[in-house]
>>> print(open('start25.csv').read())   # CSV, C-alpha atoms and all ligand atoms
chain,number,residue,atom,x,y,z
A,153,MET,CA,3.1,10.9,21.0
A,154,THR,CA,3.0,7.1,21.2
A,155,TYR,CA,6.1,5.1,21.8
A,156,LEU,CA,4.4,1.8,20.7
A,157,ALA,CA,6.2,0.5,17.7
A,158,LYS,CA,4.4,-2.1,15.5
A,159,PRO,CA,6.3,-5.4,15.1
A,160,ARG,CA,8.5,-5.2,12.0
A,161,LEU,CA,7.8,-8.8,10.9
A,162,HIS,CA,5.4,-9.3,8.1
A,163,HIS,CA,4.4,-12.1,5.8
A,164,PRO,CA,7.1,-12.7,3.1
A,165,THR,CA,4.6,-12.9,0.3
A,166,LEU,CA,3.1,-9.4,0.9
A,167,LYS,CA,2.6,-7.6,-2.4
A,168,LYS,CA,5.3,-5.0,-3.3
A,169,ASN,CA,4.8,-1.9,-5.3
A,170,ALA,CA,6.9,-0.8,-8.3
A,171,VAL,CA,9.7,0.6,-6.0
A,172,GLY,CA,9.9,-2.6,-4.0
A,173,TYR,CA,7.9,-1.7,-0.8
A,174,THR,CA,5.0,-3.4,0.9
A,175,ARG,CA,2.1,-1.4,2.4
A,176,ARG,CA,3.6,-2.1,5.8
A,177,ASP,CA,6.6,0.0,4.9
A,178,TYR,CA,4.3,3.0,4.7
A,179,GLU,CA,2.8,2.5,8.2
A,180,GLY,CA,3.8,4.3,11.4
A,181,LYS,CA,3.4,3.7,15.1
A,182,VAL,CA,0.2,2.4,16.7
A,183,SER,CA,-2.4,5.3,16.9
A,184,THR,CA,-3.4,6.6,20.3
A,185,LEU,CA,-6.4,8.5,18.9
A,186,CYS,CA,-9.9,7.7,20.1
A,187,ALA,CA,-11.4,4.6,18.4
A,188,GLY,CA,-13.5,5.8,15.5
A,189,CYS,CA,-11.7,9.2,15.1
A,190,GLY,CA,-11.9,10.3,11.4
A,191,HIS,CA,-8.2,11.2,11.5
A,192,ASP,CA,-7.2,7.5,11.7
A,193,SER,CA,-9.1,6.9,8.4
A,194,ILE,CA,-7.2,9.7,6.7
A,195,SER,CA,-3.9,8.2,7.9
A,196,ALA,CA,-5.0,4.9,6.3
A,197,ALA,CA,-5.8,6.7,3.1
A,198,ILE,CA,-2.4,8.4,3.1
A,199,ILE,CA,-0.7,5.0,3.5
A,200,GLU,CA,-2.7,3.5,0.7
A,201,ALA,CA,-2.1,6.5,-1.6
A,202,CYS,CA,1.7,6.6,-1.1
A,203,TRP,CA,2.0,2.9,-1.6
A,204,GLU,CA,-0.1,2.9,-4.8
A,205,LEU,CA,1.8,6.0,-6.1
A,206,ASP,CA,5.2,4.2,-5.6
A,207,VAL,CA,6.6,7.1,-3.5
A,208,GLN,CA,9.9,5.9,-1.9
A,209,PRO,CA,9.3,6.6,1.8
A,210,HIS,CA,12.7,8.3,2.2
A,211,ARG,CA,11.8,10.8,-0.5
A,212,LEU,CA,8.8,12.2,1.4
A,213,ALA,CA,8.7,14.8,4.2
A,214,LYS,CA,5.7,15.1,6.4
A,215,LEU,CA,5.2,18.2,8.5
A,216,SER,CA,2.4,19.2,10.9
A,217,GLY,CA,1.4,21.7,13.6
A,218,ILE,CA,-0.3,20.9,16.9
A,219,GLY,CA,-3.6,19.0,17.6
A,220,CYS,CA,-4.9,15.4,17.3
A,221,SER,CA,-4.7,15.8,13.6
A,222,SER,CA,-1.1,17.1,13.7
A,223,LYS,CA,-0.2,14.1,15.9
A,224,THR,CA,-1.2,11.7,13.1
A,225,PRO,CA,2.1,11.8,11.1
A,226,ASP,CA,3.4,9.6,13.9
A,227,TYR,CA,1.0,6.9,12.7
A,228,PHE,CA,1.9,6.7,9.0
A,229,LEU,CA,5.1,6.8,6.9
A,230,GLY,CA,7.4,5.8,9.7
A,231,ASN,CA,10.3,5.7,7.3
A,232,SER,CA,9.9,9.3,6.0
A,233,HIS,CA,11.3,12.6,7.2
A,234,GLY,CA,9.1,14.2,9.8
A,235,PHE,CA,8.8,17.6,11.6
A,236,ASN,CA,6.0,18.1,14.2
A,237,THR,CA,6.3,22.0,14.4
A,238,VAL,CA,4.4,24.4,16.6
A,239,HIS,CA,0.7,25.4,16.6
A,240,GLY,CA,-0.3,26.9,13.2
A,241,ARG,CA,3.3,27.2,11.9
A,242,MET,CA,3.6,24.1,9.7
A,243,PRO,CA,3.4,26.2,6.5
A,244,SER,CA,6.4,28.4,7.1
A,245,VAL,CA,8.6,25.5,8.3
A,246,LEU,CA,7.5,23.5,5.2
A,247,THR,CA,8.2,26.4,2.9
A,248,GLY,CA,11.8,26.7,4.3
A,249,ALA,CA,12.4,22.9,3.9
A,250,ASN,CA,11.0,23.0,0.3
A,251,LEU,CA,13.2,26.0,-0.7
A,252,ALA,CA,16.3,24.1,0.7
A,253,ASN,CA,15.4,20.8,-1.0
A,254,ARG,CA,12.9,20.7,-3.8
A,255,ASP,CA,13.6,17.0,-4.5
A,256,LEU,CA,11.4,15.7,-1.7
A,257,VAL,CA,7.6,15.2,-1.8
A,258,TYR,CA,6.1,17.5,0.8
A,259,LEU,CA,3.0,16.6,2.8
A,260,GLY,CA,1.6,19.0,5.3
A,261,VAL,CA,-1.0,17.7,7.8
A,262,SER,CA,-3.0,20.1,10.0
A,263,GLY,CA,-6.3,20.6,11.8
A,264,ASP,CA,-9.1,23.2,11.5
A,265,GLY,CA,-7.8,24.9,14.7
A,266,ASP,CA,-4.2,24.7,13.5
A,267,SER,CA,-5.1,26.1,10.1
A,268,ALA,CA,-8.2,28.3,10.4
A,269,SER,CA,-7.6,29.8,13.9
A,270,ILE,CA,-4.0,30.4,15.0
A,271,GLY,CA,-2.6,29.4,11.6
A,272,LEU,CA,-5.0,31.3,9.3
A,273,GLY,CA,-2.3,33.7,8.1
A,274,GLN,CA,0.2,31.0,7.5
A,275,PHE,CA,-2.4,28.9,5.6
A,276,ALA,CA,-3.3,31.8,3.3
A,277,HIS,CA,0.3,32.6,2.5
A,278,VAL,CA,1.4,29.1,1.7
A,279,MET,CA,-1.5,28.8,-0.7
A,280,ARG,CA,-0.8,32.1,-2.5
A,281,ARG,CA,2.9,31.4,-2.8
A,282,GLY,CA,2.3,28.1,-4.6
A,283,VAL,CA,4.7,26.0,-2.4
A,284,ASN,CA,4.9,22.6,-4.0
A,285,MET,CA,3.1,20.5,-1.4
A,286,LEU,CA,-0.1,18.6,-0.5
A,287,TYR,CA,-1.8,20.3,2.4
A,288,ILE,CA,-4.3,18.0,4.1
A,289,LEU,CA,-6.6,19.7,6.6
A,290,GLU,CA,-8.4,17.2,8.9
A,291,ASN,CA,-11.5,19.2,9.6
A,292,ASN,CA,-13.7,18.3,12.6
A,293,GLY,CA,-15.0,21.8,13.5
A,294,VAL,CA,-13.5,21.6,17.1
A,295,TYR,CA,-10.3,21.8,18.9
A,296,GLY,CA,-10.2,18.0,19.6
A,297,LEU,CA,-7.0,17.9,21.6
A,298,THR,CA,-8.1,20.6,24.0
A,299,LYS,CA,-11.5,19.0,24.7
A,300,GLY,CA,-13.9,20.3,22.0
A,301,GLN,CA,-14.1,24.1,21.9
A,302,PHE,CA,-15.7,25.4,18.6
A,303,SER,CA,-13.0,26.0,16.0
A,304,ALA,CA,-13.2,28.7,13.2
A,305,THR,CA,-14.6,26.1,10.7
A,306,ALA,CA,-17.7,25.3,12.9
A,307,ASP,CA,-20.8,26.4,11.1
A,308,ARG,CA,-22.9,29.3,12.5
A,309,GLY,CA,-25.9,27.7,14.3
A,310,SER,CA,-24.2,24.3,14.9
A,311,LYS,CA,-24.5,22.8,18.4
A,312,ALA,CA,-21.7,21.8,20.8
A,313,LYS,CA,-21.9,18.5,22.7
A,314,LYS,CA,-23.1,20.3,25.8
A,315,GLY,CA,-25.7,22.3,23.9
A,316,SER,CA,-24.2,25.8,23.3
A,317,ILE,CA,-24.8,27.3,19.9
A,318,ASN,CA,-22.0,28.7,17.7
A,319,THR,CA,-22.8,32.3,16.8
A,320,ASP,CA,-19.7,33.0,14.7
A,321,SER,CA,-19.5,32.7,10.9
A,322,ALA,CA,-17.4,29.8,9.7
A,323,VAL,CA,-14.2,30.1,7.7
A,324,ASP,CA,-14.6,28.0,4.6
A,325,THR,CA,-11.1,26.7,3.9
A,326,VAL,CA,-11.7,25.6,0.3
A,327,SER,CA,-13.1,29.0,-0.6
A,328,LEU,CA,-10.2,30.7,1.0
A,329,ALA,CA,-7.7,28.4,-0.7
A,330,LEU,CA,-9.3,29.2,-4.0
A,331,LEU,CA,-9.2,33.0,-3.3
A,332,MET,CA,-5.6,32.8,-2.3
A,333,GLY,CA,-4.5,31.1,-5.5
A,334,ALA,CA,-4.2,27.4,-4.7
A,335,THR,CA,-4.0,25.5,-8.0
A,336,PHE,CA,-5.6,22.2,-6.7
A,337,VAL,CA,-8.5,22.4,-4.3
A,338,ALA,CA,-10.6,19.5,-3.1
A,339,ARG,CA,-12.9,18.5,-0.3
A,340,SER,CA,-13.5,15.0,0.9
A,341,PHE,CA,-14.8,12.9,3.8
A,342,SER,CA,-12.7,10.6,6.1
A,343,GLY,CA,-15.5,8.0,5.7
A,344,ASP,CA,-15.1,7.9,1.9
A,345,LYS,CA,-11.8,6.2,1.2
A,346,LYS,CA,-12.8,5.5,-2.4
A,347,GLN,CA,-12.9,9.3,-3.1
A,348,LEU,CA,-10.1,10.3,-0.8
A,349,VAL,CA,-7.2,8.0,-1.9
A,350,PRO,CA,-7.2,9.1,-5.6
A,351,LEU,CA,-7.5,12.7,-4.4
A,352,ILE,CA,-4.4,12.3,-2.2
A,353,LYS,CA,-2.5,10.7,-5.1
A,354,ALA,CA,-3.4,13.5,-7.5
A,355,GLY,CA,-2.6,16.1,-4.8
A,356,LEU,CA,0.8,14.6,-4.2
A,357,ALA,CA,1.6,14.6,-7.9
A,358,HIS,CA,0.3,18.1,-8.5
A,359,LYS,CA,2.9,20.9,-9.1
A,360,GLY,CA,2.1,23.8,-6.8
A,361,SER,CA,0.0,24.2,-3.7
A,362,ALA,CA,-2.6,21.4,-3.5
A,363,PHE,CA,-5.2,21.6,-0.8
A,364,ILE,CA,-7.6,18.9,0.5
A,365,ASP,CA,-10.1,19.8,3.2
A,366,VAL,CA,-11.2,16.4,4.7
A,367,VAL,CA,-14.3,16.5,6.9
A,368,SER,CA,-13.1,14.2,9.7
A,369,PRO,CA,-15.6,13.7,12.6
A,370,CYS,CA,-14.4,13.9,16.2
A,371,VAL,CA,-16.2,11.1,17.9
A,372,ALA,CA,-15.4,12.4,21.4
A,373,PHE,CA,-16.7,16.0,21.0
A,374,ASN,CA,-18.5,16.7,17.7
A,375,ASN,CA,-20.4,13.7,16.5
A,376,HIS,CA,-23.9,14.4,17.9
A,377,ASP,CA,-27.2,15.8,16.5
A,378,GLY,CA,-26.9,19.5,15.7
A,379,SER,CA,-23.3,19.2,14.6
A,380,THR,CA,-22.5,19.7,10.9
A,381,LYS,CA,-19.3,17.7,11.1
A,382,SER,CA,-20.7,14.4,12.4
A,383,TYR,CA,-20.7,11.2,10.4
A,384,ASP,CA,-24.5,11.2,10.0
A,385,TYR,CA,-24.6,14.8,8.8
A,386,VAL,CA,-21.9,14.4,6.2
A,387,ARG,CA,-23.3,11.2,4.9
A,388,GLU,CA,-26.7,12.8,4.5
A,389,HIS,CA,-25.5,16.0,2.9
A,390,ASN,CA,-22.5,14.8,0.9
A,391,GLU,CA,-22.8,16.1,-2.7
A,392,ALA,CA,-19.9,14.8,-4.8
A,393,VAL,CA,-19.2,16.7,-8.1
A,394,ASN,CA,-16.9,14.1,-9.6
A,395,ARG,CA,-14.8,11.0,-8.9
A,396,LEU,CA,-11.2,10.5,-9.8
A,397,ASP,CA,-11.4,7.0,-11.1
A,398,PHE,CA,-8.0,6.5,-12.7
A,399,TRP,CA,-4.6,7.6,-11.7
A,400,PRO,CA,-2.1,7.7,-13.4
A,401,THR,CA,-4.2,7.3,-16.5
A,402,ARG,CA,-1.9,6.4,-19.3
A,403,GLU,CA,-3.7,3.0,-19.4
A,404,ALA,CA,-6.7,2.5,-21.6
A,405,ILE,CA,-10.1,3.0,-20.0
A,406,ASN,CA,-11.8,-0.3,-19.5
A,407,ALA,CA,-15.0,0.9,-18.0
A,408,ASP,CA,-18.1,1.7,-20.1
A,409,TYR,CA,-18.6,5.5,-20.1
A,410,LYS,CA,-21.3,7.4,-21.9
A,411,GLU,CA,-20.3,10.5,-23.9
A,412,GLY,CA,-19.9,13.6,-21.7
A,413,GLU,CA,-19.3,11.5,-18.5
A,414,LEU,CA,-15.5,11.9,-18.5
A,415,ILE,CA,-13.3,15.0,-18.1
A,416,GLU,CA,-9.6,14.8,-18.8
A,417,VAL,CA,-7.3,17.3,-17.2
A,418,PRO,CA,-3.5,17.4,-17.7
A,419,ALA,CA,-1.8,16.6,-14.4
A,420,GLY,CA,1.6,17.4,-12.8
A,421,ALA,CA,3.7,14.5,-14.0
A,422,GLU,CA,4.8,14.7,-17.6
A,423,GLY,CA,2.2,13.4,-20.1
A,424,SER,CA,-0.2,12.1,-17.5
A,425,LEU,CA,-3.8,12.9,-17.2
A,426,LEU,CA,-6.4,13.1,-14.4
A,427,ARG,CA,-9.5,11.4,-15.5
A,428,LEU,CA,-12.6,12.5,-13.7
A,429,ARG,CA,-16.0,10.9,-13.9
A,430,LYS,CA,-18.6,13.6,-13.9
A,431,LEU,CA,-21.3,13.3,-11.3
A,432,HIS,CA,-22.6,16.8,-11.7
A,433,ALA,CA,-23.4,17.7,-15.3
A,434,ASP,CA,-22.5,21.4,-15.0
A,435,TYR,CA,-19.3,21.0,-13.0
A,436,ASP,CA,-16.0,21.9,-14.8
A,437,PRO,CA,-13.1,21.8,-12.2
A,438,THR,CA,-10.9,24.0,-14.4
A,439,ASP,CA,-13.5,26.9,-14.1
A,440,LYS,CA,-12.5,28.8,-11.0
A,441,ILE,CA,-15.4,31.3,-11.1
A,442,ASN,CA,-18.0,28.5,-11.4
A,443,ALA,CA,-16.2,26.5,-8.6
A,444,THR,CA,-16.4,29.5,-6.3
A,445,SER,CA,-20.1,30.1,-6.9
A,446,MET,CA,-21.0,26.3,-6.7
A,447,ILE,CA,-19.2,26.0,-3.3
A,448,ALA,CA,-21.0,29.1,-1.9
A,449,SER,CA,-24.4,27.9,-3.1
A,450,ALA,CA,-23.9,24.4,-1.7
A,451,ALA,CA,-22.8,25.9,1.6
A,452,ALA,CA,-25.9,28.1,1.7
A,453,LYS,CA,-28.1,24.9,1.4
A,454,GLY,CA,-26.1,23.1,4.1
A,455,GLU,CA,-24.6,20.7,1.5
A,456,VAL,CA,-21.0,19.5,1.7
A,457,LEU,CA,-19.6,19.7,-1.8
A,458,THR,CA,-16.9,17.1,-2.3
A,459,GLY,CA,-14.5,15.9,-5.0
A,460,LEU,CA,-11.9,17.8,-7.0
A,461,LEU,CA,-13.4,21.3,-6.9
A,462,TYR,CA,-10.7,23.2,-8.8
A,463,VAL,CA,-7.5,22.4,-10.7
A,464,ASN,CA,-5.3,24.6,-12.8
A,465,PRO,CA,-3.8,22.4,-15.5
A,466,GLU,CA,-1.0,24.9,-16.1
A,467,SER,CA,0.1,25.3,-12.5
A,468,ASP,CA,3.6,26.1,-11.4
A,469,ASP,CA,5.4,26.3,-8.1
A,470,LEU,CA,7.3,28.8,-5.9
A,471,HIS,CA,10.7,27.6,-7.3
A,472,ALA,CA,9.5,28.5,-10.8
A,473,HIS,CA,8.2,31.9,-9.6
A,474,LEU,CA,11.5,32.7,-7.9
A,475,ASN,CA,13.8,31.1,-10.5
A,476,THR,CA,15.8,29.3,-7.7
A,477,CYS,CA,18.8,27.0,-7.9
A,478,GLU,CA,17.7,23.5,-9.0
A,479,ALA,CA,20.1,21.6,-6.8
A,480,ALA,CA,19.1,20.7,-3.2
A,481,PHE,CA,21.3,22.8,-0.8
A,482,ASN,CA,22.7,19.6,0.9
A,483,THR,CA,24.3,18.7,-2.5
A,484,LEU,CA,26.1,22.0,-2.9
A,485,GLY,CA,29.7,22.6,-1.8
A,486,ALA,CA,31.1,25.4,0.3
A,487,LYS,CA,32.1,27.3,-2.9
A,488,GLU,CA,28.6,27.5,-4.2
A,489,LEU,CA,27.0,28.2,-0.8
A,490,CYS,CA,29.5,30.9,0.0
A,491,PRO,CA,30.7,32.4,-3.2
A,492,GLY,CA,32.9,35.0,-1.6
A,493,GLY,CA,33.3,38.8,-1.1
A,494,ALA,CA,33.5,39.7,-4.8
A,495,MET,CA,30.1,38.1,-5.5
A,496,LEU,CA,28.6,39.7,-2.4
A,497,GLU,CA,29.8,43.1,-3.6
A,498,LYS,CA,28.2,42.4,-7.0
A,499,ILE,CA,24.9,41.5,-5.5
A,500,ASN,CA,24.9,44.6,-3.2
A,501,ALA,CA,25.8,46.8,-6.1
A,502,ALA,CA,22.9,45.5,-8.1
A,503,LEU,CA,20.6,46.4,-5.2
A,504,ARG,CA,21.8,50.0,-4.8
A,601,LIG,C1,0.5,28.6,20.8
A,601,LIG,C2,-0.5,27.5,21.3
A,601,LIG,N1,-1.7,27.9,21.6
A,601,LIG,C3,-2.6,27.0,22.0
A,601,LIG,C4,-2.3,25.7,22.2
A,601,LIG,C5,-3.3,24.7,22.7
A,601,LIG,N2,-3.9,23.9,21.6
A,601,LIG,C6,-3.3,22.7,21.4
A,601,LIG,S1,-4.1,21.9,20.1
A,601,LIG,C7,-5.2,23.1,19.9
A,601,LIG,C8,-6.3,23.1,18.9
A,601,LIG,C9,-6.2,21.9,18.0
A,601,LIG,O1,-7.3,21.9,17.1
A,601,LIG,P1,-7.2,21.3,15.7
A,601,LIG,O2,-6.1,21.9,14.9
A,601,LIG,O3,-8.6,21.5,15.1
A,601,LIG,O4,-6.8,19.8,15.9
A,601,LIG,P2,-7.8,18.6,16.4
A,601,LIG,O5,-7.3,18.2,17.7
A,601,LIG,O6,-9.2,19.0,16.3
A,601,LIG,O7,-7.4,17.5,15.4
A,601,LIG,C10,-4.9,24.2,20.8
A,601,LIG,C11,-5.7,25.4,20.9
A,601,LIG,C12,-1.0,25.3,21.8
A,601,LIG,N3,-0.6,24.1,21.8
A,601,LIG,N4,-0.1,26.3,21.4
A,602,LIG,S1,-10.5,14.0,20.7
A,602,LIG,FE1,-11.6,13.9,18.8
A,602,LIG,S2,-10.0,14.5,17.3
A,602,LIG,FE2,-9.0,13.9,19.1
A,602,LIG,S3,-8.5,11.7,18.9
A,602,LIG,FE3,-10.4,11.9,20.0
A,602,LIG,S4,-12.0,11.8,18.3
A,602,LIG,FE4,-10.1,12.3,17.4
A,603,MG,MG,-10.1,20.2,14.9
>>> encode(input="start25.csv", output="C-alpha cells")
Amino acid sequence: MTYLAKPRLHHPTLKKNAVGYTRRDYEGKVSTLCAGCGHDSISAAIIEACWELDVQPHRLAKLSGIGCSSKTPDYFLGNSHGFNTVHGRMPSVLTGANLANRDLVYLGVSGDGDSASIGLGQFAHVMRRGVNMLYILENNGVYGLTKGQFSATADRGSKAKKGSINTDSAVDTVSLALLMGATFVARSFSGDKKQLVPLIKAGLAHKGSAFIDVVSPCVAFNNHDGSTKSYDYVREHNEAVNRLDFWPTREAINADYKEGELIEVPAGAEGSLLRLRKLHADYDPTDKINATSMIASAAAKGEVLTGLLYVNPESDDLHAHLNTCEAAFNTLGAKELCPGGAMLEKINAALR
C-alpha cells in the first residue's frame, strides 16, 4: 500500500457533477504500480465512470482480495468505504456487507489469480446468488504481485516471459459467469477507455451480479511475444460486438444511425435504457445461448470478444430472492435486531 497522499488543493473552477463533486473527489492515493500497468488505466476508468454517473463517494463500498489488481482500490475513490480482504475472499465479505446494508453501491475488484485460482469457488457463488454488485476482474494471465507465474486464465500454449509454455486449459471467466447465472456479463480491454467507461457505468447501475472481465496487460511479466494478454495481442485480436454509446439514455439520440444499428435494452434504474450500437450484425446481448456459443467460437479462433456480451433485462438481486428486510441494519434499533424470546420461539416452532 502507498502512503503517498495527493495534494487536496485543486483549481476552484474544476467542473462539478450533478451531486457537486469534481473528478478529483473520486481519486485516491498515488499509484505504486509499474508504469504502464493496465490496472492503472482501469482505475482511471472507474474514477471517470463514478464521476459521470453522479455516485456520491460516501455511498460506494469498494472491496478487493490480494494482488496488484486488488491493491488498486487504494488509488481511486479515496472518500468511499473500502475493505482489502484476503486472497480470493472478496465475494463472501462483499455478500455479507451487501446483506447488512443494501443502500450502498458495491464494487468488487479482483485479479485473475484472486478470482480464477484461489477464489474460483467464491467467484462462482457470488455470480449465481445475484449479489447486487459490479465485479471487475483485472485479467493479465499471471500472478503479477508474486512475479509472473501463469494464472488459471492463461491460454494453453501461451508463453511465459522466460520461455516456458502453459500446458493447462484456461478458465474463461465470462463463460463461467454466464453459466453461473450472472445477469450482466461484459469483457473489455484496459487500453480501450471509450468502451470500458460506459460498461462500468452500466454495470454499476445494473440490479444483480454484473461482471466485467478486463484484459489488463502486466508490463513486467506478461507483455511479450507469445503472450495472449499483451497490449499488441489484444489490439490485434479485439473483436467488439457492440458499443454502449449513451448512458443514461433518456436524452434524444443526436447521432445519425441507420436502421438496425441500435439495440435498446431496459436497464436497472427505473425507466432508463441501455443503448447499444451494434458492431456485429448477429449479436443480441439478451440471447444467452447465442452469447455462449459466440464467446466459445471466438476463443477457438484466438479472438478476444469484447463489449456487453449478455444482459438480462429482467434481472433481480439476492435481496429480492431472499425477501430480506429493506432497511440497512445500522438504521435498526435494538428492538428490531433482537425481537426477544417469544419471537425466537415462534421461529424455532416454524422450523420443527
Ligand atoms: C492465501 C494466500 N496464498 C497465496 C498468496 C500469495 N499471493 C499474493 S498475490 C497472489 C496472486 C495474485 O494474482 P492476481 O490476482 O492475478 O493479481 P495481479 O497481481 O496479477 O494483479 C498470490 C498467489 C497470498 N497472499 N495468500
Ligand atoms: S507486476 Fe504487473 S500487474 Fe503488478 S503492477 Fe507491475 S505491471 Fe502491474
Ligand atoms: Mg493477475
>>> residues_near_ligand(input="start25.csv", ligand="ligand MG 603 (chain A)", cutoff="7 Å", atoms="only C-alpha atoms and all ligand atoms", output="PyMOL selection string")
chain A and resi 263-265+290-296+303
>>> atom_distance(input="start25.csv", atom1="atom P1 of ligand LIG 601 (chain A)", atom2="atom CA of A:Lys299")
10.2 Å
>>> residues_near_ligand(input="start25.csv", ligand="ligand LIG 602 (chain A)", cutoff="10 Å", atoms="all atoms listed in the file", output="VMD selection string")
chain A and resid 183 to 192 219 to 224 263 290 to 300 368 to 375
>>> atom_distance(input="start25.csv", atom1="atom CA of A:Asn284", atom2="atom CA of A:Asp469")
5.5 Å
>>> closest_residue(input="start25.csv", among="A:His233, A:Lys381, A:Lys353, A:Lys168", to="A:Phe302", atoms="all atoms listed in the file")
A:Lys381
